[in-house]
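K.L.:
Take a look at the following structure, please.
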Amino acid sequence: MFKLWISIKKDIRILLRDKVGISLMFVMPIILVVVVTGIQNSTFQLVNKNKLSIIICNTDTGKASKQLIEAIDKIGMFKVSQIAKENAKAVSDNMHTTDALLGVVIPSNFSAEVNTKAKNASDKAMTAFSGQADSGAAIVKRQPVSIDQLTLFYNPVLQESLRFSIQGAIQSALQLVQTRQTLRTLYYSSNEKELPKSLEDEMLNSNTTINMLPTSKDGTRITPNASQHNVPAWTIFAMFFVIMSLGGSVVREKVSGSFIRLKTLPTNYLVGLLSKQITYLVVTLLQAAVIFSMGIWLFPYLGLPALNLPSDLFALFVVTLVCGWCAVSYSICVGVFANTQEQANGFGAISIVILACIGGLMVPSFAMQGLAKTMANFSPMHWCLQAYYSLFLEGAKLKDVLNNIGSLFIITVIIQFVTYLGLKRKNLI
Amino acid sequence: MEVTPPLAVSIEHMGFRYPDNTDVSFADLNLQIIKGTRFGLFGPNGAGKTTLMNLMTGVLSVNEGSIKLLGQEAGTQNKEVNKLFGFVPQDFSFYKELSPAENLEFFGAWAGLNKAEIIKRTDELLHILGLEDVRNKPVEKFSGGMKRRVNLAIGVIHNPQVLFLDEPTVGVDVQTRQAIISYLHTLNDNGTTLIYTSHQLSEAEDLCEQIAMIDEGKIITQGHIDDLLKEHKHDSLEELFINLTGKAYRN
């Protein structure tokens, strides 16, 4: 134990005097977390709080098109501005000059054709009501209605899922206009007077509302925000960033004269590696503590949503501990196999970005398909991220993330075994 | 009946090759170094001195034959034998970010000393080697001579019975060289066997009793310095060296 304690003291001293290494392990990940959370928070706000600007060019002069514009405005997710019908061909140019993300061109026959379609539907309904539906002679023969397409222009930066939401919203506005016109026509055909406004409102607006609630395992209803998503994810990345210091440290010791002396002393080099594991495990825990603290206390001052810690703090500690151990084990493994510091740093940096990609830090793993989804299981970051998301977003307890911790533990043990083989093969132990 | 003196090192039919076969190799090498002696190992560049030193200290493992240190098999897996010897490699073998005291604390612990022994030996060695004033300063800011003294201090912290020194005075000034040589004499007077390599042959004449010259992985001569000079009719070790190894450049 004395040898181990002295070795830990030595590693701490060397680490504290390596200012560049410390900044790489603490300052860089902090900057990364703040920047990425800030950017994603802007995106969240763009989608959730800000209205999407939409330019509408109405080439129709009828009532239905005006009702459509009103309906689009009432949806609440768009900031509507109109341009003159003479500019229909220049909608996309207008979008660029005004930074609008969407543009709609309403065709000139829109109102006329909505009316025709409503009349058709009304006639069929009246025929059906009068019991003459089965009589072929009684059905009024009309030409099929064809409304020119409503054209929707969009800025390519909009994600596909958001585009589908926009399309759905405009489709529902369109449906509302057509349904209203059909109701009015049908009512007039039947009663030869206008549909009362109160009845029209009741028939059109009595839809059942949708109450959207986030689900969680602990029953809380905290809505996830950019901080809840990003801070855990980039904390994992930061922990794996120890490779920049630790991987290089192992190589430096290996290629420097000190390693030759260590080999001639009556102590197994595994003591040295255990010392590094303990020292850098504490570093990874400190990284997590610093980043989580920033999320809780500093983010609100930066205009970002505050991080809410999970209710099961012990589970959070266990997940962080195992993830840190895995990051440290991986760094030592790379250091053992690399022959130069450049190899360790280069391979280390690229490999953790790849592990982050396939682990779902950059693209959510639920959005992955086929081989990518299978490969995610081989990234330790994937299991850690799943555990963190369960804790931070779903209010899970320790028992809910044991599966993730177990997988992470198995990967870590495999990495340790590979390191042992590397040490043996290189005659280092 | 002749009594065999106790041996510090016994090399018997030793064979060694580097895995890539690019460097010097040894075949059927035999060498005995008597305990308590000051033994010099000399040879031109690339002769195999450092390789032989690494084999004796267990940094490298032999392919054939055996190397025994004080009667025990040497090798990386034999940690018991590692307590018996110290090694001062040619390259600076310490953590440059740490001070002399911190380096001695770490290497002392790894050499098997307890806390009290480390403190006592650190104070002694820093005093003897003139490093007391800089005991807490990082070694990376030291001159070459100061680093050589730190390198030596670490090698002897655990009072080894056999001390291997691979060019311990290379690149130092006269004062530091004399201080180091003087300290090595003191160690030997106290019973430590010295096994030393250097290209400073005049220095070797002052320090060593017994020598061996090796070239291309073979021992070309060995014995007491005076006997060898008499046998080959030379006045100095340098003349003997040139006579045995030639004047051609070595890599």
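How things are named: the first chain in the structure tokens is A, the next is B, and so on; residues count from 1 in each chain; ligands count from 1 in the order shown.
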Counting only C-alpha atoms, which residues from chain A have an atom at most 6 Å from any atom of chain B, and could you show them as a list of chain:residue names?

P.N.:
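Putting it all together, I get A:Lys3, A:Ile6, A:Gly257, A:Ser258, A:Thr264, A:Leu265, A:Pro266, A:Thr267.
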
K.L.:
Excluding Thr245 of chain B and residues on its chain fewer than 3 positions from it, collect all residues at most 9 Å away from it, counting only C-alpha atoms, and give them as a list in words.

P.N.:
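These residues fall inside the cut-off: Gly43, Pro44, Met213, Ile214, Asp215, Ile220, Leu240, Phe241, Ile242 and Ala248 of chain B.
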
K.L.:
With N, CA, C and O atoms retained, export the selected residues as an mmCIF file, in the first residue's frame.

P.N.:
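And here's part.cif as it stands now:
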data_model
loop_
_atom_site.group_PDB
_atom_site.id
_atom_site.type_symbol
_atom_site.label_atom_id
_atom_site.label_comp_id
_atom_site.auth_asym_id
_atom_site.auth_seq_id
_atom_site.Cartn_x
_atom_site.Cartn_y
_atom_site.Cartn_z
ATOM 1 N N GLY B 43 34.389 -0.910 -24.713
ATOM 2 C CA GLY B 43 34.285 -1.346 -26.096
ATOM 3 C C GLY B 43 33.879 -0.165 -26.939
ATOM 4 O O GLY B 43 33.372 0.840 -26.414
ATOM 5 N N PRO B 44 34.098 -0.240 -28.260
ATOM 6 C CA PRO B 44 33.710 0.877 -29.127
ATOM 7 C C PRO B 44 32.181 0.999 -29.201
ATOM 8 O O PRO B 44 31.464 0.136 -28.704
ATOM 9 N N MET B 213 37.095 -6.083 -22.233
ATOM 10 C CA MET B 213 36.810 -5.330 -23.462
ATOM 11 C C MET B 213 35.959 -6.201 -24.356
ATOM 12 O O MET B 213 36.279 -7.381 -24.567
ATOM 13 N N ILE B 214 34.873 -5.625 -24.859
ATOM 14 C CA ILE B 214 34.017 -6.409 -25.756
ATOM 15 C C ILE B 214 33.914 -5.699 -27.094
ATOM 16 O O ILE B 214 34.030 -4.468 -27.187
ATOM 17 N N ASP B 215 33.724 -6.486 -28.117
ATOM 18 C CA ASP B 215 33.522 -5.938 -29.456
ATOM 19 C C ASP B 215 32.681 -6.932 -30.248
ATOM 20 O O ASP B 215 32.930 -8.139 -30.214
ATOM 21 N N ILE B 220 36.905 -9.649 -25.894
ATOM 22 C CA ILE B 220 38.174 -9.826 -26.595
ATOM 23 C C ILE B 220 39.350 -9.893 -25.622
ATOM 24 O O ILE B 220 40.415 -10.412 -25.958
ATOM 25 N N LEU B 240 45.880 0.281 -25.382
ATOM 26 C CA LEU B 240 45.429 -1.112 -25.422
ATOM 27 C C LEU B 240 44.102 -1.226 -26.185
ATOM 28 O O LEU B 240 43.911 -2.121 -27.019
ATOM 29 N N PHE B 241 43.239 -0.264 -25.936
ATOM 30 C CA PHE B 241 41.913 -0.248 -26.560
ATOM 31 C C PHE B 241 42.025 -0.141 -28.083
ATOM 32 O O PHE B 241 41.404 -0.897 -28.838
ATOM 33 N N ILE B 242 42.882 0.816 -28.518
ATOM 34 C CA ILE B 242 43.067 1.023 -29.965
ATOM 35 C C ILE B 242 43.706 -0.218 -30.594
ATOM 36 O O ILE B 242 43.324 -0.665 -31.688
ATOM 37 N N ALA B 248 39.238 2.080 -37.022
ATOM 38 C CA ALA B 248 38.102 2.367 -37.914
ATOM 39 C C ALA B 248 36.915 2.923 -37.123
ATOM 40 O O ALA B 248 36.723 2.585 -35.969
#

K.L.:
What's the 12 Å shell around Gln341 of chain A, counting only C-alpha atoms, without same-chain residues fewer than 3 positions away, as a list in words?

P.N.:
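Surrounding residues, per the criterion: Ile243, Met244, Ser245, Leu246, Gly247, Gly248, Ser249, Val250, Val251, Arg252, Glu253, Lys254, Val255, Ser256, Val334, Gly335, Val336, Phe337, Ala338, Ala344, Asn345, Gly346, Phe347, Gly348 and Ala349 of chain A.
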
K.L.:
State, in Å with one decimal place, the distance from atom CA of Lys193 of chain A to atom CA of Leu68 of chain A.

P.N.:
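Going from atom CA of Lys193 of chain A over to atom CA of Leu68 of chain A, I get 23.5 Å.
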
K.L.:
Would you pick out the contacts of Trp234 of chain A at 10 Å or less, using only C-alpha atoms, so that residues sharing its chain but fewer than 4 positions from it are not included, and give the list as a list in words?

P.N.:
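Returned residues: Pro29, Ile30, Leu32, Val33, Val34, Val36, Thr37, His229, Asn230, Ala238, Met239, Phe240, Ala288, Ile291, Ala356, Leu361, Met362 and Leu385 of chain A.
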
K.L.:
In Å, how far is it from atom CA of Thr116 of chain A to atom CA of Met203 of chain A?

P.N.:
21.1 Å

K.L.:
Hey, what does DSSP flag as strand (DSSP E or B) within segment 29-232 of chain B? Can you give it to me as a compact mmCIF listing (two decimals) with C-alpha atoms, in the first residue's frame?

P.N.:
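Saved as out_9.txt:
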# COMPACT_ATOMS: atom_id res chain seq x y z
CA LEU B 29 29.30 -15.50 -23.66
CA ASN B 30 30.99 -16.28 -20.33
CA LEU B 31 32.01 -13.67 -17.76
CA GLN B 32 32.59 -13.66 -14.02
CA ILE B 33 32.82 -10.55 -11.85
CA ILE B 34 34.12 -10.97 -8.34
CA ARG B 38 35.44 -2.30 -9.37
CA PHE B 39 34.83 -3.77 -12.81
CA GLY B 40 34.99 -1.86 -16.09
CA LEU B 41 33.30 -2.93 -19.30
CA PHE B 42 34.71 -1.23 -22.38
CA GLU B 64 20.17 -18.98 -23.91
CA GLY B 65 22.39 -19.70 -20.92
CA SER B 66 22.10 -17.80 -17.67
CA ILE B 67 23.06 -14.68 -15.78
CA LYS B 68 23.30 -14.85 -12.00
CA LEU B 69 23.59 -11.89 -9.67
CA GLN B 72 20.38 -15.64 -8.02
CA GLU B 73 18.97 -15.87 -11.50
CA PHE B 85 21.48 -4.21 -7.20
CA GLY B 86 21.16 -0.63 -8.34
CA PHE B 87 21.27 0.71 -11.87
CA VAL B 88 22.38 4.10 -13.14
CA VAL B 162 26.01 -4.38 -6.80
CA LEU B 163 25.84 -1.09 -8.70
CA PHE B 164 25.64 -0.97 -12.50
CA LEU B 165 26.77 2.34 -14.00
CA ASP B 166 26.33 2.99 -17.71
CA THR B 193 30.56 -4.03 -6.29
CA LEU B 194 30.81 -1.51 -9.15
CA ILE B 195 30.20 -2.55 -12.74
CA TYR B 196 30.91 0.40 -14.95
CA THR B 197 31.03 1.34 -18.62
CA GLN B 210 39.30 -5.46 -13.35
CA ILE B 211 38.16 -4.81 -16.91
CA ALA B 212 36.72 -6.62 -19.91
CA MET B 213 36.81 -5.33 -23.46
CA ILE B 214 34.02 -6.41 -25.76
CA ASP B 215 33.52 -5.94 -29.46
CA LYS B 218 32.43 -10.99 -27.90
CA ILE B 219 34.83 -10.49 -24.99
CA ILE B 220 38.17 -9.83 -26.59
CA THR B 221 40.18 -9.56 -23.39
CA GLN B 222 39.62 -9.43 -19.64
CA GLY B 223 41.64 -9.28 -16.43
CA HIS B 224 43.33 -6.91 -14.03

K.L.:
Write out as a PyMOL selection string which residues come within 9 Å of segment 185-192 of chain B when counting only C-alpha atoms, dropping same-chain ones fewer than 6 positions away.

P.N.:
chain B and resi 35-38+159-163+207

K.L.:
Record the distance separating atom CA of Leu186 of chain A and atom CA of Thr59 of chain A, expressed in Å with one decimal.

P.N.:
27.0 Å

K.L.:
Neighbours of Gly48 of chain B within 8 Å (only C-alpha atoms; same-chain residues fewer than 3 positions away dropped), as a PyMOL selection string?

P.N.:
chain B and resi 24-25+43+45+51-52+214-217

K.L.:
List the spatial neighbours of Ala327 of chain A as a ChimeraX atom specification - criterion: any atom at most 9 Å away, only C-alpha atoms, same-chain residues fewer than 3 positions off excluded.

P.N.:
/A:236,239-243,281,284,322-324,330-332,380,412

K.L.:
For those residues, write C-alpha atoms to a file as an mmCIF file, in the first residue's frame.

P.N.:
data_model
loop_
_atom_site.group_PDB
_atom_site.id
_atom_site.type_symbol
_atom_site.label_atom_id
_atom_site.label_comp_id
_atom_site.auth_asym_id
_atom_site.auth_seq_id
_atom_site.Cartn_x
_atom_site.Cartn_y
_atom_site.Cartn_z
ATOM 1 C CA ILE A 236 -18.925 11.450 -21.004
ATOM 2 C CA MET A 239 -14.130 11.928 -19.264
ATOM 3 C CA PHE A 240 -12.765 10.106 -22.295
ATOM 4 C CA PHE A 241 -10.724 13.230 -23.030
ATOM 5 C CA VAL A 242 -8.302 12.131 -20.270
ATOM 6 C CA ILE A 243 -6.690 10.102 -23.014
ATOM 7 C CA LEU A 281 -10.348 8.071 -11.987
ATOM 8 C CA THR A 284 -12.777 11.982 -14.251
ATOM 9 C CA VAL A 322 -17.805 3.073 -13.956
ATOM 10 C CA CYS A 323 -17.715 5.407 -16.964
ATOM 11 C CA GLY A 324 -14.623 7.140 -15.571
ATOM 12 C CA TYR A 330 -9.118 2.865 -22.465
ATOM 13 C CA SER A 331 -6.516 5.649 -22.166
ATOM 14 C CA ILE A 332 -3.983 3.328 -20.526
ATOM 15 C CA PRO A 380 -18.735 2.263 -23.968
ATOM 16 C CA THR A 412 -13.996 -2.118 -19.210
#

K.L.:
Could you check the closest approach to Phe392 of chain A for each of A:Ile410, A:Leu316, A:Ser379, A:Leu371 and tell me which residue wins, using only C-alpha atoms?

P.N.:
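Selected residue with least distance to Phe392 of chain A: A:Leu316.
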
K.L.:
As a PyMOL selection string, which residues of segment 333-415 of chain A does DSSP assign to alpha helix (DSSP H)?

P.N.:
chain A and resi 333-337+341-358+370-376+380-393+398-415
